[in-house]
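Shown below: query_1.txt, with compact mmCIF, C-alpha atoms.
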```txt
# COMPACT_ATOMS: atom_id res chain seq x y z
CA MET A 1 38.52 14.80 -26.89
CA PHE A 2 35.45 15.84 -24.88
CA ARG A 3 32.42 14.06 -26.29
CA LYS A 4 29.08 15.85 -25.98
CA LEU A 5 26.30 13.71 -24.47
CA THR A 6 23.93 16.65 -23.97
CA ASN A 7 24.28 20.43 -24.05
CA ASP A 8 25.39 20.26 -20.41
CA VAL A 9 27.23 16.94 -20.09
CA TYR A 10 30.43 15.73 -21.71
CA ALA A 11 32.29 12.43 -21.36
CA SER A 12 35.98 11.99 -21.95
CA PRO A 13 38.86 9.58 -21.77
CA GLN A 14 41.44 10.32 -19.07
CA ILE A 15 42.13 14.05 -18.88
CA SER A 16 45.43 15.78 -18.21
CA LEU A 17 46.19 18.96 -16.32
CA ASP A 18 46.18 20.85 -19.64
CA ASP A 19 42.68 19.53 -20.34
CA VAL A 20 41.41 21.30 -17.22
CA ALA A 21 42.18 24.63 -18.92
CA GLN A 22 40.27 23.42 -22.01
CA ALA A 23 37.35 22.49 -19.76
CA LYS A 24 37.43 25.97 -18.23
CA ALA A 25 37.37 27.55 -21.70
CA LEU A 26 34.35 25.39 -22.56
CA GLY A 27 32.53 26.64 -19.46
CA ILE A 28 32.68 23.37 -17.52
CA ALA A 29 31.53 23.94 -13.93
CA LEU A 30 32.11 20.42 -12.57
CA ILE A 31 34.60 17.66 -13.35
CA VAL A 32 33.57 14.15 -12.31
CA ASN A 33 36.37 11.60 -12.02
CA ASN A 34 34.99 8.09 -12.52
CA ARG A 35 38.39 6.42 -12.51
CA PRO A 36 39.81 4.61 -9.49
CA GLU A 37 43.26 5.77 -8.42
CA GLY A 38 46.13 3.61 -9.62
CA GLU A 39 44.18 1.95 -12.40
CA SER A 40 47.14 2.45 -14.73
CA GLU A 41 50.59 3.92 -14.46
CA ASP A 42 49.95 6.59 -17.09
CA GLN A 43 46.89 8.19 -15.50
CA THR A 44 47.01 11.64 -13.95
CA GLU A 45 46.22 11.37 -10.23
CA GLY A 46 42.80 12.56 -9.18
CA ALA A 47 44.33 14.85 -6.55
CA ALA A 48 46.29 16.68 -9.26
CA ILE A 49 43.17 17.08 -11.41
CA ALA A 50 41.23 18.27 -8.33
CA ALA A 51 43.92 20.86 -7.56
CA ALA A 52 44.00 22.13 -11.16
CA ALA A 53 40.20 22.27 -11.22
CA ALA A 54 40.12 24.25 -7.96
CA GLU A 55 42.70 26.66 -9.35
CA ALA A 56 40.53 27.11 -12.45
CA GLY A 57 37.38 27.65 -10.38
CA ILE A 58 35.86 24.31 -11.42
CA ASP A 59 34.20 22.01 -8.90
CA TYR A 60 35.50 18.43 -8.71
CA VAL A 61 34.09 15.17 -7.40
CA ALA A 62 35.42 11.61 -7.53
CA ILE A 63 32.96 8.76 -8.05
CA PRO A 64 35.29 5.87 -8.91
CA VAL A 65 33.91 2.95 -10.89
CA THR A 66 35.93 -0.24 -11.22
CA HIS A 67 35.49 -2.82 -13.94
CA ALA A 68 33.35 -4.77 -11.44
CA GLY A 69 30.40 -2.62 -12.44
CA PHE A 70 28.04 -0.09 -10.95
CA ALA A 71 26.44 0.05 -7.52
CA GLU A 72 23.39 2.01 -6.43
CA GLY A 73 25.56 4.38 -4.39
CA GLN A 74 27.54 5.37 -7.47
CA VAL A 75 24.36 6.00 -9.48
CA LEU A 76 22.94 8.16 -6.69
CA ALA A 77 26.24 10.03 -6.28
CA MET A 78 26.32 10.76 -10.03
CA ALA A 79 22.69 11.92 -9.96
CA ASP A 80 23.50 14.24 -7.05
CA ALA A 81 26.58 15.57 -8.82
CA LEU A 82 24.65 16.26 -12.02
CA SER A 83 21.71 17.91 -10.28
CA GLY A 84 23.96 20.01 -8.07
CA ALA A 85 26.27 21.22 -10.84
CA LYS A 86 26.37 24.97 -11.37
CA GLY A 87 26.83 24.53 -15.12
CA PRO A 88 28.11 22.03 -17.68
CA VAL A 89 29.71 18.80 -16.45
CA LEU A 90 32.71 16.85 -17.74
CA ALA A 91 32.93 13.24 -16.57
CA TYR A 92 35.98 11.13 -17.36
CA CYS A 93 37.43 7.66 -16.92
CA ARG A 94 39.93 5.63 -18.97
CA SER A 95 37.92 5.73 -22.20
CA GLY A 96 34.78 7.69 -21.26
CA THR A 97 32.62 4.57 -21.37
CA ARG A 98 32.14 4.11 -17.61
CA SER A 99 31.37 7.82 -17.28
CA THR A 100 28.77 7.60 -20.04
CA LEU A 101 27.19 4.47 -18.59
CA LEU A 102 27.02 5.98 -15.11
CA TRP A 103 25.48 9.17 -16.57
CA ALA A 104 22.88 7.08 -18.42
CA LEU A 105 22.01 5.11 -15.27
CA ALA A 106 21.68 8.30 -13.24
CA GLN A 107 19.47 9.89 -15.89
CA ALA A 108 17.28 6.77 -16.20
CA GLN A 109 16.95 6.63 -12.41
CA ALA A 110 15.76 10.26 -12.53
CA GLY A 111 13.10 9.33 -15.10
CA GLY A 112 15.00 9.90 -18.35
CA ASP A 113 13.83 7.99 -21.41
CA PRO A 114 16.23 5.06 -22.01
CA GLU A 115 15.87 5.26 -25.79
CA THR A 116 16.73 8.97 -25.84
CA LEU A 117 19.67 8.37 -23.50
CA ALA A 118 20.91 5.53 -25.73
CA GLN A 119 20.73 7.81 -28.79
CA GLN A 120 22.60 10.60 -27.01
CA ALA A 121 25.32 8.18 -25.94
CA ALA A 122 25.55 6.71 -29.47
CA GLN A 123 25.94 10.17 -31.01
CA ALA A 124 28.96 10.64 -28.72
CA GLY A 125 30.36 7.25 -29.77
CA TYR A 126 29.32 5.21 -26.73
CA ASP A 127 27.13 2.10 -26.47
CA VAL A 128 24.82 1.70 -23.46
CA GLY A 129 23.86 -1.83 -24.55
CA PRO A 130 25.55 -3.50 -21.56
CA ILE A 131 23.32 -1.57 -19.12
CA ARG A 132 20.18 -1.11 -21.19
CA GLN A 133 18.08 -3.55 -19.16
CA VAL A 134 19.04 -1.78 -15.94
CA MET A 135 18.24 1.60 -17.52
CA ASP A 136 14.79 0.30 -18.53
CA MET A 137 14.19 -1.03 -15.01
CA LEU A 138 15.27 2.24 -13.37
CA ALA A 139 13.14 4.32 -15.73
CA ALA A 140 10.13 2.04 -15.19
CA GLY A 141 10.42 2.63 -11.43
CA ASN A 142 9.77 6.34 -12.06
CA ARG A 143 6.55 5.94 -14.04
```

Please express what this file holds, its structure, as structure tokens.
Amino acid sequence: MFRKLTNDVYASPQISLDDVAQAKALGIALIVNNRPEGESEDQTEGAAIAAAAAEAGIDYVAIPVTHAGFAEGQVLAMADALSGAKGPVLAYCRSGTRSTLLWALAQAQAGGDPETLAQQAAQAGYDVGPIRQVMDMLAAGNR
């Protein structure tokens, strides 16, 4: 269920309370919730995931992304979350796509190579095509 983007970052569809224990066993240090509350009736509330994460000794942060797209504040918040993590990170949303795209934008903004990021996402089953131009622009701003 957790898809490996890098050795330290995983993306996932919506997680459950049981998945928090799996994350702990995997050594996850931070869970990033990229799903807005109330997006669907079947989603586990962020507060419940946060409580389970705290109980497991895992940090938690919510950076909700709607289907309207990404804003600079979300990219910066994800970059801060990734750089401040004390170990591997698990980011989730409904399918894992928004989490992967936000990760790719944050990495490109930090100077990551867009082609490498696209390959890492593809190996995990995600396509960064919809944001590739923005990734290129962000990466170019760091050269």

Cut-off 6 Å: closest stretch 54-113 of chain A/stretch 128-141 of chain A atom pairs per residue, using only C-alpha atoms, as a Markdown table:
```
| residue | atom | partner | partner_atom | distance |
| --- | --- | --- | --- | --- |
| A:Leu105 | CA | A:Met135 | CA | 5.6 |
| A:Ala108 | CA | A:Ala139 | CA | 4.8 |
| A:Gln109 | CA | A:Leu138 | CA | 4.8 |
| A:Gly111 | CA | A:Ala139 | CA | 5.0 |
```

- Within 9 Å of stretch 41-48 of chain A, counting only C-alpha atoms, which residues show up once you throw out same-chain ones fewer than 6 positions away? Write them as a list of chain:residue names, please.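 Answer for this query is A:Gln14, A:Ile15, A:Ser16, A:Leu17, A:Asn33, A:Arg35, A:Ala62, A:Arg94.
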
Export of the given selection (C-alpha atoms) as an mmCIF file, in the coordinates of the input:
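Final output, part_24.cif:
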```cif
data_model
loop_
_atom_site.group_PDB
_atom_site.id
_atom_site.type_symbol
_atom_site.label_atom_id
_atom_site.label_comp_id
_atom_site.auth_asym_id
_atom_site.auth_seq_id
_atom_site.Cartn_x
_atom_site.Cartn_y
_atom_site.Cartn_z
ATOM 1 C CA GLN A 14 41.440 10.320 -19.070
ATOM 2 C CA ILE A 15 42.130 14.050 -18.880
ATOM 3 C CA SER A 16 45.430 15.780 -18.210
ATOM 4 C CA LEU A 17 46.190 18.960 -16.320
ATOM 5 C CA ASN A 33 36.370 11.600 -12.020
ATOM 6 C CA ARG A 35 38.390 6.420 -12.510
ATOM 7 C CA ALA A 62 35.420 11.610 -7.530
ATOM 8 C CA ARG A 94 39.930 5.630 -18.970
#
```

- atom CA of A:Asn142 sits from atom CA of A:Pro114 at a separation of 11.9 Å

- Task: Select all residues near (28.3, 22.4, -16.1) (cut-off 6 Å, inclusive, file coordinates), counting all atoms listed in the file, and output them as a PyMOL selection string.
- Result: chain A and resi 8+28-30+85-89

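Here atom CA of A:Asp18 is placed at a distance of 27.1 Å from atom CA of A:Gln74.
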
- Task: Provide the atom CA of A:Gly125 to atom CA of A:Arg3 distance in Å, to one decimal place.
- Result: 7.9 Å

- Leaving out A:Ala11 and any residue of its chain fewer than 6 positions from it, which residues lie within 10 Å of it when counting all atoms listed in the file, given as a ChimeraX atom specification? /A:1-5,31-32,89-93,95-101,103,121,124,126

Go ahead and dump the residues you just picked, C-alpha atoms, as a compact mmCIF listing (two decimals), in the frame of the given file.
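Contents of selection_9.txt, freshly written:
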```txt
# COMPACT_ATOMS: atom_id res chain seq x y z
CA MET A 1 38.52 14.80 -26.89
CA PHE A 2 35.45 15.84 -24.88
CA ARG A 3 32.42 14.06 -26.29
CA LYS A 4 29.08 15.85 -25.98
CA LEU A 5 26.30 13.71 -24.47
CA ILE A 31 34.60 17.66 -13.35
CA VAL A 32 33.57 14.15 -12.31
CA VAL A 89 29.71 18.80 -16.45
CA LEU A 90 32.71 16.85 -17.74
CA ALA A 91 32.93 13.24 -16.57
CA TYR A 92 35.98 11.13 -17.36
CA CYS A 93 37.43 7.66 -16.92
CA SER A 95 37.92 5.73 -22.20
CA GLY A 96 34.78 7.69 -21.26
CA THR A 97 32.62 4.57 -21.37
CA ARG A 98 32.14 4.11 -17.61
CA SER A 99 31.37 7.82 -17.28
CA THR A 100 28.77 7.60 -20.04
CA LEU A 101 27.19 4.47 -18.59
CA TRP A 103 25.48 9.17 -16.57
CA ALA A 121 25.32 8.18 -25.94
CA ALA A 124 28.96 10.64 -28.72
CA TYR A 126 29.32 5.21 -26.73
```

- Message: Ranking A:Ala104, A:Leu26, A:Ala81, A:Ala56 by minimum distance to A:Asp127 and counting only C-alpha atoms, which one comes first?
- Response: A:Ala104

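By all atoms listed in the file, and with residues fewer than 6 positions from A:Leu102 along its chain excluded, the set lying at most 9 Å from it is A:Asn34, A:Val65, A:Phe70, A:Gln74, A:Val75, A:Met78, A:Ala79.
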
- Task: Please provide the set of residues having any atom within 9 Å of A:Gly57, restricted to only C-alpha atoms, with same-chain residues fewer than 4 positions apart removed, written as a PyMOL selection string.
- Result: chain A and resi 24+29+52-53

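With distances restricted to all atoms listed in the file, A:Leu82 is the closest residue to A:Tyr60 from A:Leu82, A:Ala122, A:Leu117, A:Leu76.
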
- Message: With distances taken over all atoms listed in the file, which residue among A:Ile58, A:Ala50, A:Ala106, A:Ala25 lies nearest A:Asp80?
- Response: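 The answer is A:Ala106, which sits nearest to A:Asp80.
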
Would you fill out stretch 100-123 of chain A with N, CA and C atoms and return it as a compact mmCIF listing (two decimals), in the frame of the given file?
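File written: out_26.txt
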```txt
# COMPACT_ATOMS: atom_id res chain seq x y z
N THR A 100 30.01 7.54 -19.27
CA THR A 100 28.77 7.60 -20.04
C THR A 100 27.73 6.64 -19.48
N LEU A 101 28.14 5.44 -19.13
CA LEU A 101 27.19 4.47 -18.59
C LEU A 101 26.64 4.93 -17.25
N LEU A 102 27.49 5.49 -16.41
CA LEU A 102 27.02 5.98 -15.11
C LEU A 102 26.08 7.16 -15.30
N TRP A 103 26.38 8.06 -16.24
CA TRP A 103 25.48 9.17 -16.57
C TRP A 103 24.12 8.63 -17.01
N ALA A 104 24.13 7.64 -17.90
CA ALA A 104 22.88 7.08 -18.42
C ALA A 104 22.06 6.43 -17.30
N LEU A 105 22.72 5.72 -16.40
CA LEU A 105 22.01 5.11 -15.27
C LEU A 105 21.40 6.18 -14.36
N ALA A 106 22.18 7.22 -14.10
CA ALA A 106 21.68 8.30 -13.24
C ALA A 106 20.49 9.00 -13.89
N GLN A 107 20.57 9.22 -15.19
CA GLN A 107 19.47 9.89 -15.89
C GLN A 107 18.23 9.00 -15.94
N ALA A 108 18.42 7.70 -16.17
CA ALA A 108 17.28 6.77 -16.20
C ALA A 108 16.64 6.70 -14.81
N GLN A 109 17.46 6.68 -13.78
CA GLN A 109 16.95 6.63 -12.41
C GLN A 109 16.13 7.88 -12.10
N ALA A 110 16.48 9.00 -12.73
CA ALA A 110 15.76 10.26 -12.53
C ALA A 110 14.55 10.37 -13.45
N GLY A 111 14.27 9.33 -14.24
CA GLY A 111 13.10 9.33 -15.10
C GLY A 111 13.37 9.60 -16.56
N GLY A 112 14.66 9.68 -16.94
CA GLY A 112 15.00 9.90 -18.35
C GLY A 112 14.58 8.73 -19.22
N ASP A 113 14.24 9.01 -20.46
CA ASP A 113 13.83 7.99 -21.41
C ASP A 113 15.05 7.18 -21.88
N PRO A 114 15.07 5.87 -21.62
CA PRO A 114 16.23 5.06 -22.01
C PRO A 114 16.58 5.13 -23.49
N GLU A 115 15.58 5.21 -24.36
CA GLU A 115 15.87 5.26 -25.79
C GLU A 115 16.57 6.57 -26.16
N THR A 116 16.10 7.67 -25.60
CA THR A 116 16.73 8.97 -25.84
C THR A 116 18.16 8.97 -25.30
N LEU A 117 18.34 8.43 -24.10
CA LEU A 117 19.67 8.37 -23.50
C LEU A 117 20.61 7.52 -24.36
N ALA A 118 20.10 6.40 -24.87
CA ALA A 118 20.91 5.53 -25.73
C ALA A 118 21.33 6.26 -27.00
N GLN A 119 20.41 7.04 -27.57
CA GLN A 119 20.73 7.81 -28.79
C GLN A 119 21.77 8.89 -28.49
N GLN A 120 21.63 9.57 -27.37
CA GLN A 120 22.60 10.60 -27.01
C GLN A 120 23.99 10.00 -26.82
N ALA A 121 24.04 8.86 -26.15
CA ALA A 121 25.32 8.18 -25.94
C ALA A 121 25.91 7.74 -27.28
N ALA A 122 25.08 7.19 -28.16
CA ALA A 122 25.55 6.71 -29.47
C ALA A 122 26.10 7.86 -30.31
N GLN A 123 25.45 9.01 -30.25
CA GLN A 123 25.94 10.17 -31.01
C GLN A 123 27.33 10.60 -30.54
```
